[in-house]
Every structure is written in structure tokens, then in C-alpha cells.
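Listing of run-v4.cif, mmCIF, C-alpha atoms
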data_input
loop_
_atom_site.label_atom_id
_atom_site.label_comp_id
_atom_site.auth_asym_id
_atom_site.auth_seq_id
_atom_site.Cartn_x
_atom_site.Cartn_y
_atom_site.Cartn_z
CA MET A 22 -27.45 -24.99 17.27
CA ASN A 23 -27.41 -25.77 21.00
CA LEU A 24 -23.86 -24.94 22.10
CA THR A 25 -24.39 -26.57 25.49
CA ASP A 26 -24.44 -29.95 23.73
CA THR A 27 -21.32 -29.23 21.68
CA PRO A 28 -17.94 -30.65 22.75
CA VAL A 29 -15.75 -28.01 24.39
CA VAL A 30 -12.81 -29.10 22.25
CA LEU A 31 -14.77 -28.26 19.08
CA LYS A 32 -15.63 -24.79 20.37
CA LYS A 33 -12.00 -24.10 21.18
CA CYS A 34 -10.89 -25.52 17.85
CA VAL A 35 -13.21 -23.17 15.93
CA ILE A 36 -12.35 -20.09 17.97
CA LEU A 37 -8.60 -20.69 17.84
CA GLY A 38 -8.63 -21.54 14.11
CA VAL A 39 -10.64 -18.51 13.02
CA CYS A 40 -8.68 -16.13 15.28
CA MET A 41 -5.35 -17.48 14.02
CA LEU A 42 -6.56 -16.96 10.46
CA GLY A 43 -7.57 -13.35 11.12
CA PHE A 44 -4.30 -12.51 12.86
CA GLY A 45 -2.15 -14.42 10.38
CA ILE A 46 -3.55 -12.95 7.13
CA PRO A 47 -1.86 -9.54 7.48
CA TRP A 48 1.26 -10.62 9.36
CA SER A 49 2.13 -14.23 10.12
CA SER A 50 2.36 -16.84 7.36
CA ALA A 51 2.97 -19.48 10.02
CA LEU A 52 -0.20 -18.72 11.98
CA PHE A 53 -2.12 -18.41 8.71
CA ARG A 54 -1.11 -21.91 7.61
CA LEU A 55 -1.49 -23.44 11.06
CA SER A 56 -5.09 -22.17 11.22
CA PHE A 57 -6.24 -24.43 8.39
CA PRO A 58 -5.90 -27.82 10.11
CA LEU A 59 -8.01 -26.42 12.96
CA ILE A 60 -10.57 -24.92 10.59
CA PHE A 61 -10.86 -28.03 8.40
CA ILE A 62 -11.15 -30.30 11.45
CA SER A 63 -13.89 -27.99 12.76
CA ILE A 64 -15.77 -28.03 9.45
CA PHE A 65 -15.64 -31.83 9.29
CA TRP A 66 -16.70 -32.14 12.95
CA VAL A 67 -19.60 -29.72 12.49
CA ALA A 68 -20.73 -31.63 9.40
CA MET A 69 -20.73 -34.90 11.34
CA ILE A 70 -22.76 -33.37 14.19
CA ALA A 71 -25.25 -31.93 11.68
CA ILE A 72 -25.65 -35.27 9.91
CA LYS A 73 -26.02 -37.39 13.03
CA ARG A 74 -28.02 -35.43 15.57
CA ASP A 75 -28.44 -31.66 15.22
CA GLY A 76 -31.41 -30.60 13.10
CA GLY A 77 -30.87 -26.93 13.92
CA LEU A 78 -27.32 -27.06 12.63
CA ARG A 79 -28.50 -28.85 9.48
CA ALA A 80 -30.99 -26.04 8.94
CA ASP A 81 -28.23 -23.44 9.36
CA ILE A 82 -25.99 -25.20 6.86
CA LYS A 83 -28.84 -25.51 4.39
CA ALA A 84 -29.73 -21.82 4.80
CA VAL A 85 -26.15 -20.73 4.09
CA ALA A 86 -25.90 -23.14 1.16
CA MET A 87 -29.08 -21.67 -0.36
CA GLU A 88 -27.94 -18.05 -0.01
CA PRO A 89 -27.72 -16.31 -3.42
CA PHE A 90 -24.15 -15.16 -2.74
CA THR A 91 -23.14 -18.78 -2.02
CA TRP A 92 -24.59 -19.87 -5.34
CA LEU A 93 -22.86 -17.08 -7.25
CA ILE A 94 -19.50 -17.71 -5.58
CA SER A 95 -19.85 -21.43 -6.27
CA LEU A 96 -20.81 -20.78 -9.90
CA PHE A 97 -17.82 -18.51 -10.37
CA VAL A 98 -15.43 -21.10 -8.94
CA PHE A 99 -17.12 -23.77 -11.07
CA TRP A 100 -16.59 -21.55 -14.13
CA VAL A 101 -12.91 -21.15 -13.25
CA VAL A 102 -12.51 -24.91 -12.89
CA ALA A 103 -14.54 -25.60 -16.04
CA SER A 104 -12.32 -23.25 -18.05
CA GLY A 105 -9.86 -26.14 -18.11
CA ILE A 106 -12.00 -27.55 -20.92
CA TRP A 107 -11.12 -24.70 -23.27
CA THR A 108 -8.00 -23.16 -21.75
CA VAL A 109 -5.03 -22.57 -24.05
CA ALA A 110 -2.67 -23.13 -21.10
CA GLY A 111 -0.89 -26.29 -20.06
CA VAL A 112 -1.84 -28.32 -16.99
CA ALA A 113 0.69 -26.67 -14.63
CA TYR A 114 -0.44 -23.11 -15.37
CA TYR A 115 -4.11 -24.12 -15.30
CA LYS A 116 -3.81 -25.85 -11.91
CA PHE A 117 -1.91 -22.98 -10.30
CA ASP A 118 -4.24 -20.22 -11.49
CA THR A 119 -7.34 -22.24 -10.64
CA SER A 120 -6.09 -22.89 -7.10
CA GLN A 121 -5.88 -19.14 -6.47
CA TYR A 122 -9.67 -18.77 -6.63
CA LEU A 123 -10.69 -21.79 -4.57
CA LYS A 124 -10.33 -19.66 -1.44
CA LEU A 125 -13.71 -18.12 -2.22
CA LEU A 126 -15.40 -21.39 -1.25
CA MET A 127 -14.20 -20.80 2.31
CA ILE A 128 -16.61 -17.88 2.75
CA PRO A 129 -19.76 -19.98 3.35
CA ALA A 130 -17.78 -22.50 5.43
CA LEU A 131 -16.44 -19.75 7.69
CA VAL A 132 -19.90 -18.17 7.86
CA ILE A 133 -21.29 -21.40 9.37
CA LEU A 134 -18.49 -21.55 11.97
CA ILE A 135 -18.80 -17.87 12.91
CA LYS A 136 -22.59 -17.97 13.07
CA ASN A 137 -22.67 -20.98 15.36
CA PHE A 138 -19.58 -20.59 17.54
CA LEU A 139 -18.67 -16.90 17.56
CA GLN A 140 -21.99 -15.19 18.10
CA ASP A 141 -21.56 -11.69 19.53
CA LYS A 142 -17.79 -11.98 19.08
CA GLU A 143 -17.67 -10.74 15.49
CA ARG A 144 -16.17 -7.37 16.43
CA LEU A 145 -13.43 -9.27 18.22
CA LEU A 146 -12.57 -10.98 14.92
CA ILE A 147 -12.07 -7.58 13.28
CA TYR A 148 -9.98 -6.36 16.23
CA ILE A 149 -7.79 -9.45 15.83
CA TYR A 150 -7.21 -8.65 12.16
CA LEU A 151 -6.34 -5.05 13.06
CA LEU A 152 -3.89 -6.28 15.72
CA GLY A 153 -2.31 -8.42 13.01
CA VAL A 154 -1.83 -5.32 10.86
CA LEU A 155 -0.23 -3.48 13.79
CA ALA A 156 2.11 -6.44 14.25
CA LEU A 157 2.98 -6.18 10.55
CA THR A 158 3.88 -2.50 10.93
CA LEU A 159 5.89 -2.86 14.14
CA PRO A 160 9.28 -3.74 12.56
CA THR A 161 8.64 -1.04 9.95
CA ALA A 162 8.29 1.56 12.71
CA LEU A 163 11.29 0.23 14.67
CA ASP A 164 13.50 0.34 11.58
CA ALA A 165 12.26 3.72 10.35
CA LEU A 166 12.76 5.28 13.79
CA GLY A 167 16.29 3.90 14.03
CA ILE A 168 15.61 1.50 16.91
CA PHE A 169 17.09 -1.48 15.05
CA ASN A 170 20.30 0.42 14.33
CA TYR A 171 20.56 1.78 17.86
CA PHE A 172 20.37 -1.69 19.41
CA ASN A 173 22.27 -3.38 16.55
CA ILE A 174 19.33 -5.61 15.69
CA ASN A 175 19.78 -7.37 12.37
CA ALA A 176 16.36 -8.14 10.89
CA VAL A 177 17.34 -7.85 7.25
CA GLN A 178 16.28 -11.45 6.51
CA TYR A 179 12.67 -10.43 7.19
CA LYS A 180 12.84 -7.24 5.15
CA ASN A 181 11.18 -7.09 1.77
CA ALA A 182 13.43 -6.04 -1.11
CA ALA A 183 11.15 -3.27 -2.35
CA TYR A 184 11.66 -1.60 -5.68
CA ARG A 185 12.63 1.74 -4.12
CA ASP A 186 15.08 2.86 -1.45
CA GLY A 187 13.71 4.22 1.80
CA SER A 188 11.10 1.49 2.23
CA PHE A 189 10.91 -0.44 5.50
CA SER A 190 8.47 -3.23 4.58
CA TYR A 191 8.82 -6.47 6.55
CA PHE A 192 7.21 -9.92 6.25
CA ARG A 193 5.06 -8.82 3.27
CA ASN A 194 5.94 -6.86 0.12
CA HIS A 195 5.17 -3.16 -0.11
CA ILE A 196 1.92 -3.76 -2.06
CA VAL A 197 0.43 -6.10 0.53
CA HIS A 198 1.79 -3.96 3.37
CA GLY A 199 0.12 -0.86 1.91
CA PHE A 200 -3.16 -2.70 1.39
CA HIS A 201 -3.41 -3.85 5.02
CA VAL A 202 -2.25 -0.57 6.50
CA GLY A 203 -4.76 1.32 4.33
CA ALA A 204 -7.49 -1.00 5.60
CA LEU A 205 -6.32 -0.40 9.17
CA ALA A 206 -6.54 3.38 8.71
CA ALA A 207 -10.02 3.35 7.16
CA ILE A 208 -11.61 0.82 9.53
CA VAL A 209 -10.15 2.47 12.64
CA PHE A 210 -11.15 5.93 11.33
CA LEU A 211 -14.71 4.60 11.01
CA HIS A 212 -14.41 3.28 14.57
CA ALA A 213 -13.36 6.75 15.77
CA ILE A 214 -16.50 8.27 14.26
CA LEU A 215 -18.88 5.63 15.58
CA PHE A 216 -17.51 5.14 19.10
CA VAL A 217 -16.69 8.15 21.24
CA LYS A 218 -14.95 6.47 24.19
CA SER A 219 -12.04 5.06 22.21
CA ARG A 220 -11.71 8.00 19.83
CA LEU A 221 -8.34 9.23 21.08
CA VAL A 222 -6.69 5.83 20.65
CA ALA A 223 -8.37 5.32 17.28
CA PHE A 224 -7.19 8.68 15.93
CA ALA A 225 -3.65 7.91 17.12
CA ILE A 226 -3.71 4.61 15.18
CA VAL A 227 -5.03 6.35 12.05
CA LEU A 228 -2.21 8.91 12.19
CA TYR A 229 0.29 6.10 12.74
CA ALA A 230 -1.03 4.33 9.62
CA ILE A 231 -0.83 7.53 7.57
CA VAL A 232 2.77 8.12 8.66
CA ASP A 233 3.60 4.52 7.75
CA ILE A 234 2.38 4.93 4.17
CA LEU A 235 3.54 8.53 3.67
CA PHE A 236 7.03 8.27 5.14
CA TRP A 237 8.09 4.69 5.88
CA THR A 238 7.07 2.62 2.86
CA SER A 239 7.30 3.20 -0.87
CA GLY A 240 3.96 1.90 -2.12
CA ARG A 241 2.29 4.13 -4.68
CA MET A 242 -1.10 2.47 -4.93
CA ALA A 243 -1.04 2.37 -1.14
CA LEU A 244 -1.45 6.15 -1.18
CA LEU A 245 -4.49 5.95 -3.43
CA GLY A 246 -5.97 3.14 -1.35
CA LEU A 247 -5.36 5.05 1.88
CA PHE A 248 -7.03 8.25 0.70
CA ALA A 249 -9.86 6.34 -1.02
CA GLY A 250 -10.60 4.51 2.23
CA LEU A 251 -10.57 7.67 4.35
CA VAL A 252 -12.70 9.62 1.87
CA PHE A 253 -15.17 6.74 1.74
CA VAL A 254 -15.54 6.82 5.54
CA VAL A 255 -16.22 10.56 5.46
CA LEU A 256 -18.78 10.22 2.66
CA VAL A 257 -20.64 7.31 4.24
CA SER A 258 -20.71 9.19 7.55
CA ILE A 259 -22.13 12.30 5.90
CA ILE A 260 -24.80 10.19 4.19
CA ASN A 261 -25.81 9.01 7.68
CA ALA A 262 -25.96 12.68 8.66
CA ASP A 263 -27.91 12.53 11.93
CA GLU A 264 -25.70 9.86 13.47
CA PHE A 265 -22.55 11.50 12.13
CA LEU A 266 -23.32 14.97 13.50
CA VAL A 267 -24.33 13.67 16.93
CA ARG A 268 -21.17 11.59 17.34
CA ILE A 269 -18.88 14.26 15.93
CA GLY A 270 -20.37 16.85 18.28
CA GLN A 271 -19.41 14.75 21.29
CA GLY A 272 -15.70 15.07 20.55
CA ARG A 273 -15.31 18.17 18.39
CA TYR A 274 -12.11 19.43 20.05
CA LEU A 275 -10.40 16.09 19.57
CA ILE A 276 -11.56 15.98 15.95
CA VAL A 277 -10.27 19.49 15.25
CA SER A 278 -6.90 18.55 16.76
CA PHE A 279 -6.77 15.36 14.70
CA SER A 280 -7.62 17.29 11.52
CA ILE A 281 -4.82 19.80 12.14
CA ILE A 282 -2.26 17.05 12.80
CA LEU A 283 -3.44 15.18 9.70
CA LEU A 284 -3.02 18.26 7.50
CA VAL A 285 0.47 18.84 8.92
CA ALA A 286 1.43 15.21 8.20
CA ILE A 287 0.18 15.49 4.63
CA TRP A 288 1.99 18.82 4.20
CA PHE A 289 5.31 17.31 5.22
CA GLY A 290 4.57 14.29 3.04
CA LEU A 291 3.88 16.28 -0.12
CA ASP A 292 7.41 15.80 -1.42
CA GLY A 293 7.10 12.05 -1.05
CA ILE A 294 3.70 12.06 -2.75
CA TYR A 295 5.09 14.09 -5.65
CA ASP A 296 8.15 11.83 -5.93
CA ARG A 297 5.92 8.78 -6.26
CA TYR A 298 3.84 10.52 -8.91
CA GLN A 299 6.98 11.45 -10.82
CA SER A 300 8.33 7.92 -10.58
CA VAL A 301 5.16 6.56 -12.19
CA VAL A 302 5.31 9.14 -15.00
CA SER A 303 8.99 8.37 -15.58
CA GLU A 304 8.47 4.61 -15.68
CA VAL A 305 5.54 4.88 -18.08
CA SER A 306 7.59 7.15 -20.34
CA GLN A 307 10.54 4.75 -20.28
CA TYR A 308 8.31 1.84 -21.24
CA PHE A 309 6.86 3.53 -24.31
CA LYS A 310 10.27 4.80 -25.39
CA SER A 311 12.43 1.73 -24.88
CA ASP A 312 10.47 -1.17 -23.26
CA VAL A 313 12.53 -0.82 -20.08
CA VAL A 314 11.44 -3.26 -17.38
CA THR A 315 10.05 -1.10 -14.57
CA SER A 316 7.19 -1.56 -12.11
CA ALA A 317 4.72 0.68 -13.98
CA GLY A 318 6.06 -0.33 -17.40
CA THR A 319 5.65 -4.03 -16.66
CA ARG A 320 2.08 -3.45 -15.56
CA ILE A 321 1.19 -1.52 -18.71
CA HIS A 322 2.71 -4.26 -20.84
CA PHE A 323 0.79 -6.97 -18.99
CA TRP A 324 -2.43 -4.98 -19.28
CA LEU A 325 -2.03 -4.66 -23.04
CA VAL A 326 -1.38 -8.40 -23.33
CA SER A 327 -4.48 -9.14 -21.24
CA ILE A 328 -6.65 -6.80 -23.29
CA ASN A 329 -5.59 -8.62 -26.45
CA ILE A 330 -6.41 -11.97 -24.83
CA PHE A 331 -9.82 -10.63 -23.82
CA PHE A 332 -10.68 -9.42 -27.33
CA ASP A 333 -9.72 -12.82 -28.72
CA SER A 334 -12.11 -14.61 -26.36
CA TRP A 335 -14.34 -11.98 -24.77
CA LEU A 336 -17.32 -14.11 -23.80
CA ILE A 337 -15.89 -17.15 -22.00
CA GLY A 338 -12.24 -16.12 -21.68
CA ALA A 339 -9.09 -17.91 -22.75
CA GLY A 340 -9.15 -20.13 -19.67
CA SER A 341 -7.29 -20.40 -16.39
CA GLY A 342 -3.52 -20.00 -16.86
CA ALA A 343 -3.89 -18.36 -20.27
CA PHE A 344 -2.02 -15.18 -19.36
CA ARG A 345 1.28 -16.84 -18.46
CA HIS A 346 0.93 -19.30 -21.33
CA THR A 347 0.54 -16.41 -23.78
CA LEU A 348 3.66 -14.68 -22.47
CA GLU A 349 5.65 -17.89 -22.72
CA LEU A 350 4.33 -18.87 -26.15
CA SER A 351 5.12 -15.48 -27.70
CA ASN A 352 8.64 -15.38 -26.19
CA ASP A 353 7.62 -12.17 -24.50
CA ALA A 354 10.58 -10.23 -23.15
CA PHE A 355 8.70 -9.60 -19.88
CA PHE A 356 8.11 -13.31 -19.24
CA ALA A 357 11.49 -13.45 -17.49
CA THR A 358 10.14 -11.21 -14.71
CA GLY A 359 8.46 -14.33 -13.32
CA TYR A 360 5.06 -12.73 -12.68
CA SER A 361 2.16 -15.14 -13.02
CA HIS A 362 -0.68 -12.64 -13.24
CA THR A 363 -1.79 -9.45 -14.99
CA HIS A 364 -1.35 -7.09 -12.03
CA ASN A 365 -4.96 -6.01 -12.55
CA GLU A 366 -7.69 -8.21 -11.11
CA TYR A 367 -10.34 -6.87 -13.49
CA LEU A 368 -8.26 -7.72 -16.55
CA THR A 369 -7.21 -11.05 -15.04
CA ILE A 370 -10.86 -12.10 -14.72
CA LEU A 371 -11.93 -10.69 -18.08
CA SER A 372 -9.05 -12.17 -20.07
CA GLN A 373 -9.10 -15.64 -18.53
CA PHE A 374 -12.78 -16.12 -17.66
CA GLY A 375 -14.50 -13.65 -19.98
CA LEU A 376 -17.61 -11.59 -19.42
CA VAL A 377 -19.36 -14.66 -17.97
CA GLY A 378 -16.81 -15.02 -15.17
CA PHE A 379 -16.66 -11.28 -14.58
CA LEU A 380 -20.44 -10.98 -14.24
CA LEU A 381 -20.65 -13.97 -11.89
CA LEU A 382 -18.01 -12.54 -9.55
CA SER A 383 -19.38 -8.99 -9.79
CA SER A 384 -22.87 -10.24 -8.93
CA ALA A 385 -21.57 -12.05 -5.85
CA ILE A 386 -19.77 -8.91 -4.68
CA TYR A 387 -22.90 -6.84 -5.36
CA LEU A 388 -24.89 -9.10 -3.03
CA LEU A 389 -22.20 -8.80 -0.36
CA ILE A 390 -22.39 -5.00 -0.66
CA LYS A 391 -26.17 -5.12 -0.21
CA GLU A 392 -25.78 -7.24 2.92
CA ALA A 393 -23.16 -4.84 4.29
CA LEU A 394 -25.33 -1.77 3.72
CA ARG A 395 -28.20 -3.23 5.73
CA HIS A 396 -26.08 -4.86 8.42
CA GLN A 397 -27.33 -4.17 11.93
CA ASP A 398 -23.81 -3.34 13.18
CA PRO A 399 -22.60 -0.24 11.30
CA TRP A 400 -18.95 -0.86 12.15
CA ILE A 401 -18.96 -4.41 10.79
CA GLY A 402 -21.04 -3.56 7.70
CA ARG A 403 -19.20 -0.37 6.78
CA GLY A 404 -15.89 -1.88 7.87
CA PHE A 405 -16.37 -4.54 5.21
CA LEU A 406 -17.11 -1.80 2.68
CA CYS A 407 -13.95 0.08 3.72
CA LEU A 408 -11.86 -3.00 3.02
CA LEU A 409 -13.70 -3.56 -0.27
CA VAL A 410 -13.01 0.01 -1.44
CA ILE A 411 -9.29 -0.37 -0.76
CA PHE A 412 -9.36 -3.82 -2.35
CA ALA A 413 -11.02 -2.37 -5.48
CA VAL A 414 -8.39 0.37 -5.74
CA ASN A 415 -5.54 -2.06 -5.15
CA ALA A 416 -6.97 -4.39 -7.79
CA LEU A 417 -6.21 -1.76 -10.44
CA SER A 418 -2.48 -2.48 -10.20
CA ASP A 419 -2.44 -5.92 -8.59
CA SER A 420 -4.42 -9.13 -9.05
CA SER A 421 -5.73 -8.78 -5.53
CA LEU A 422 -8.11 -11.74 -5.41
CA TYR A 423 -5.64 -13.95 -7.27
CA ASN A 424 -2.96 -13.08 -4.73
CA GLN A 425 -2.94 -14.70 -1.34
CA TRP A 426 -2.97 -12.05 1.37
CA GLU A 427 -5.34 -9.49 -0.15
CA GLY A 428 -7.70 -12.19 -1.38
CA TRP A 429 -7.84 -13.91 2.00
CA ALA A 430 -8.55 -10.58 3.71
CA LEU A 431 -11.62 -10.21 1.50
CA VAL A 432 -12.68 -13.80 2.28
CA TYR A 433 -12.24 -13.23 6.02
CA PHE A 434 -14.16 -9.94 6.14
CA SER A 435 -16.94 -11.34 3.93
CA ALA A 436 -17.38 -14.29 6.30
CA VAL A 437 -17.36 -12.08 9.42
CA MET A 438 -19.91 -9.69 7.89
CA ILE A 439 -22.29 -12.42 6.67
CA GLY A 440 -21.80 -14.61 9.74
CA SER A 441 -22.70 -11.77 12.10
CA ARG A 442 -26.05 -10.92 10.51
CA ARG A 443 -29.10 -11.18 12.70
CA ALA A 444 -32.54 -12.17 11.44
#
Mind turning this structure into C-alpha cells?
Amino acid sequence: MNLTDTPVVLKKCVILGVCMLGFGIPWSSALFRLSFPLIFISIFWVAMIAIKRDGGLRADIKAVAMEPFTWLISLFVFWVVASGIWTVAGVAYYKFDTSQYLKLLMIPALVILIKNFLQDKERLLIYIYLLGVLALTLPTALDALGIFNYFNINAVQYKNAAYRDGSFSYFRNHIVHGFHVGALAAIVFLHAILFVKSRLVAFAIVLYAIVDILFWTSGRMALLGLFAGLVFVVLVSIINADEFLVRIGQGRYLIVSFSIILLVAIWFGLDGIYDRYQSVVSEVSQYFKSDVVTSAGTRIHFWLVSINIFFDSWLIGAGSGAFRHTLELSNDAFFATGYSHTHNEYLTILSQFGLVGFLLLSSAIYLLIKEALRHQDPWIGRGFLCLLVIFAVNALSDSSLYNQWEGWALVYFSAVMIGSRRA
């Protein structure tokens, strides 16, 4: 596409819309929602230009449309929509659950916008997301450090009512907060390994993220996601041994200092880690003894319900909305909790869309992983994989794709990674 012939307003509309989306996903619901009019206007405008006069843009759109991952994503969404034919759920539950997966169709649309209007600015899009995560953590830090109390700032209306005391999550719940902060730690840790000049700042941000999850918030899966992301970065760096050793050697004293500080932070956080482990054990025990409604107990109960739904309709699934319908129909005691999903993305897909839906989505993700592994920019490619690892861990106890903020983060990073490929 020849950008010199493109209206300046369209360029600004695309850039502003995509940047607002990236910044809004982790932190600002307002910016997130305001980004969509700009993005949809841009998509429509680009389509009109392609139809009327730009053959190059038409070729780009056709190329993205013919990508295997686009076909698989589209087939999965089609399968979700088509499950309305056989779903056991009513119209309201079917429509709501189906709407949660339509976001996947935004990946190819965003790829076209990024590829044509944000060339060589893809790293900036990741930095914007990371800035959004830092904005998310700012009130957490101010509250945890006593700044709010010292200046008599009342921000309680923005504070999330987490399930445990001692949590300082704002704007998002502790699960979403932990997911984004874990992604921040892993992606910035990767940045510290790949880029020497900014290593000091990057290590400081990683330590800040670790302190946030260890001491300031109460998320339990956040701990697993955090350590999974950091371990993944170390492993992938060791696999690329030559590059890793050269870059590490250029800042060995800083790395040793960071490692010592990290070990000290973990040492002081051991009590908190053990407390979270004990809380999970206690809640699981309570559930099996007396069906007490707890965070872990509710999840186990929902998982068992979903497994039963899956075995009843393992090939094509029970249809979109089936999980909530089953709880309601059986007068399940846990239906009153108001949760609309299984709290496990794997079981959500398997129970409602069967092995067919699970294989379609898994195949699409497999292709995205292949693209990330051969991406010419190691930070963008591996950064996507970092987010995917934390997403996969989080999906064990939350329906991460079904949910808004985790699912949109995956959509955003997928689009940035695919849109920034070079032939």
C-alpha cells in the first residue's frame, strides 16, 4: 500500500485506535472501549480504499484472508456460532457465550491495519501495552506503600474486592491483575536479556513486578504464571545459547546483582507463597468435606460439572451456553455464585464445543507459535510466546479466552506478532 496516497486522517485514526486498544486492555476500560469506533472506522475506510483504487492493499487483504491461521480462527468461530443448532442452552446464554469468542476475528483485521500503517512501529505497540500494565499497578504500589493513607486519598471505589485481605488490586480483579503483571515481568525480563543498553531499567521493572505479585496482591495462579514466564525466558535464552552468552557477558555484574536481589525478594516472600499454598489446600479440603463455597472449591465443582458435560457430548460439545444452562437446570447450589464460565478455558472449550472445537483452536494457536518461533524480531516473537505461556497457565483456573481482558491481550499480541512479519 502506498501510504503517501492515504488520507492523513486515516493514518492517525489507525494509529490512535490501535494504541488506545493496547494501552486500555490492561488498565483503562474507557480507552479500551473508545478505541473500537476508531478501529472499525479504519477497517471500513481501508476496505473502501482497497475496493475502489488500491490493488496493493487488496492483495494484502487477500493474503491475510488466505493465511492458514485466519482460516482456522474463522472455522473455530463458525463452529462456536453453529453450536447454536444443537446447544442445550437458551437464547440468552447462547448469545452471551458466543459473543465472548468473536474477538478472535479481530486478529486478521488488526494484522491488516498494523501491516499497512504501523510498519517498523510494532515494538512501540508492545511498549504501549507494558505502559498500560504499569499504569494498572501504580495505585497498587501507592496503596501498598501507604501513600494513599499518608495523603488521605480515598480510592476505595476503584479497588477490587479480592477474596483475601492484604490485596491492593485496582481497576481489574486480582486474576486479571496477576496475568498482566506476570506478562510484564516475563516480556521485560526478555528485553533485559536481548538489549544491553536498557538492562538496568528493565531489571528494575521485573523486580517491581515480582514485588507486586509476591507482596501486594493475593493472586495464587499469578505466582505460577509469573514463575512460568520467567523460567520460559531463561530456557528459550539458553536454547539460543550463542546469543544468550554474548549478551549476558556484556552485563554480568548487573545480572549477578539482579539475581541476588531476586533471591532475597523470594526469600522474604516465602511465607506469602506458603500461605497461598495452604489456602488452596484448605479450600479444596473444605469443598470435599462440606461443599463450602470457596475460590478453589468452586473451581473444582465447576470442573467436575464440565467434565460430565464433555463426556455426554465429547465430539461436538453441548453447545455455547451449555455450562450455565446445566447449572441452572440441575438447581446446582453453586449457580448462585453468578459465574458464567468453567474457570478453566480447556474445559470450557471441550465441554461446550467438543473435540472438534478444541482441535480447531489448538491448531490455530499452533500456527501462531510457529510464526513466533521464526519471527525476525526475537523480542516480538518470543514476547508473544511469553504472554502465551502465562495465558496457558492462567487458563487452568480461569476461562482466559472467554474473559475479556486476558482474551483481548492474546488477540492484541497475536496481531502485533503476525502484522510485524517481514517476507
Hits of the PyMOL selection byres ((chain A and resi 122) around 8) in this structure, as a PyMOL selection string: chain A and resi 98+101+118-121+123-125+422-423
Reference answer for the PyMOL selection byres ((chain A and resi 146-152) around 7), as a PyMOL selection string: chain A and resi 40+43-44+142-145+153-156+205
Export C-alpha atoms of the chosen residues as an mmCIF file, in the coordinates of the input?
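For reference, out-v9.cif as written:
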data_model
loop_
_atom_site.group_PDB
_atom_site.id
_atom_site.type_symbol
_atom_site.label_atom_id
_atom_site.label_comp_id
_atom_site.auth_asym_id
_atom_site.auth_seq_id
_atom_site.Cartn_x
_atom_site.Cartn_y
_atom_site.Cartn_z
ATOM 1 C CA CYS A 40 -8.680 -16.130 15.280
ATOM 2 C CA GLY A 43 -7.570 -13.350 11.120
ATOM 3 C CA PHE A 44 -4.300 -12.510 12.860
ATOM 4 C CA LYS A 142 -17.790 -11.980 19.080
ATOM 5 C CA GLU A 143 -17.670 -10.740 15.490
ATOM 6 C CA ARG A 144 -16.170 -7.370 16.430
ATOM 7 C CA LEU A 145 -13.430 -9.270 18.220
ATOM 8 C CA GLY A 153 -2.310 -8.420 13.010
ATOM 9 C CA VAL A 154 -1.830 -5.320 10.860
ATOM 10 C CA LEU A 155 -0.230 -3.480 13.790
ATOM 11 C CA ALA A 156 2.110 -6.440 14.250
ATOM 12 C CA LEU A 205 -6.320 -0.400 9.170
#
Starting from the shown file, work through the PyMOL selection byres ((chain A and resi 131) around 9) and note down what comes out as an MDAnalysis selection string. chainID A and resid 39 60 64 127:130 132:136 432:433 436:437 440
Near region 369-383 of chain A, counting all atoms listed in the file, which residues have an atom at most 8 Å away, once you skip same-chain residues fewer than 3 positions from it, shown as an MDAnalysis selection string? chainID A and resid 93:94 96:97 100:101 104 327:328 330:332 334:344 362:366 386:387 420
So which residues touch Asp296 (chain A) within 12 Å, counting only C-alpha atoms, skipping near sequence neighbours fewer than 6 positions away, as a CSV table (one decimal) with C-alpha atoms, in the coordinates of the input?
chain,number,residue,atom,x,y,z
A,185,ARG,CA,12.6,1.7,-4.1
A,235,LEU,CA,3.5,8.5,3.7
A,236,PHE,CA,7.0,8.3,5.1
A,239,SER,CA,7.3,3.2,-0.9
A,240,GLY,CA,4.0,1.9,-2.1
A,241,ARG,CA,2.3,4.1,-4.7
A,290,GLY,CA,4.6,14.3,3.0
A,302,VAL,CA,5.3,9.1,-15.0
A,303,SER,CA,9.0,8.4,-15.6
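Of note, CA of Pro58 (chain A) and CA of Ile401 (chain A) are spaced 26.8 Å apart.
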Residues within 12 Å of (-8.6, 9.5, 0.8), file coords, all atoms listed in the file, listed as a VMD selection string: chain A and resid 203 to 204 206 to 207 210 231 242 to 256 283 287 407 410 to 411 414
What does the distance between CA of Lys32 (chain A) and CA of Leu59 (chain A) come to in Å, to one decimal place? 10.8 Å
Within 9 Å of Leu228 (chain A) using all atoms listed in the file, minus same-chain residues under 3 positions, as an mmCIF file with C-alpha atoms, in the coordinates of the input:
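Result saved to selection38.cif:
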data_model
loop_
_atom_site.group_PDB
_atom_site.id
_atom_site.type_symbol
_atom_site.label_atom_id
_atom_site.label_comp_id
_atom_site.auth_asym_id
_atom_site.auth_seq_id
_atom_site.Cartn_x
_atom_site.Cartn_y
_atom_site.Cartn_z
ATOM 1 C CA ALA A 206 -6.540 3.380 8.710
ATOM 2 C CA ALA A 223 -8.370 5.320 17.280
ATOM 3 C CA PHE A 224 -7.190 8.680 15.930
ATOM 4 C CA ALA A 225 -3.650 7.910 17.120
ATOM 5 C CA ILE A 231 -0.830 7.530 7.570
ATOM 6 C CA VAL A 232 2.770 8.120 8.660
ATOM 7 C CA ASP A 233 3.600 4.520 7.750
ATOM 8 C CA PHE A 279 -6.770 15.360 14.700
ATOM 9 C CA ILE A 282 -2.260 17.050 12.800
ATOM 10 C CA LEU A 283 -3.440 15.180 9.700
ATOM 11 C CA ALA A 286 1.430 15.210 8.200
#
Using all atoms of region 374-385 of chain A that appear in the file, construct an axis-aligned enclosing box with 4 Å of padding on every side and provide its centre coordinates and edge lengths in Å, rounded to one decimal, as AutoDock Vina command-line options.
--center_x -17.8 --center_y -12.6 --center_z -12.9 --size_x 18.1 --size_y 15.1 --size_z 22.1
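With distances restricted to all atoms listed in the file, A:Arg193 is the closest residue to Trp48 (chain A) from A:Lys73, A:Arg442, A:Arg193, A:Lys33.
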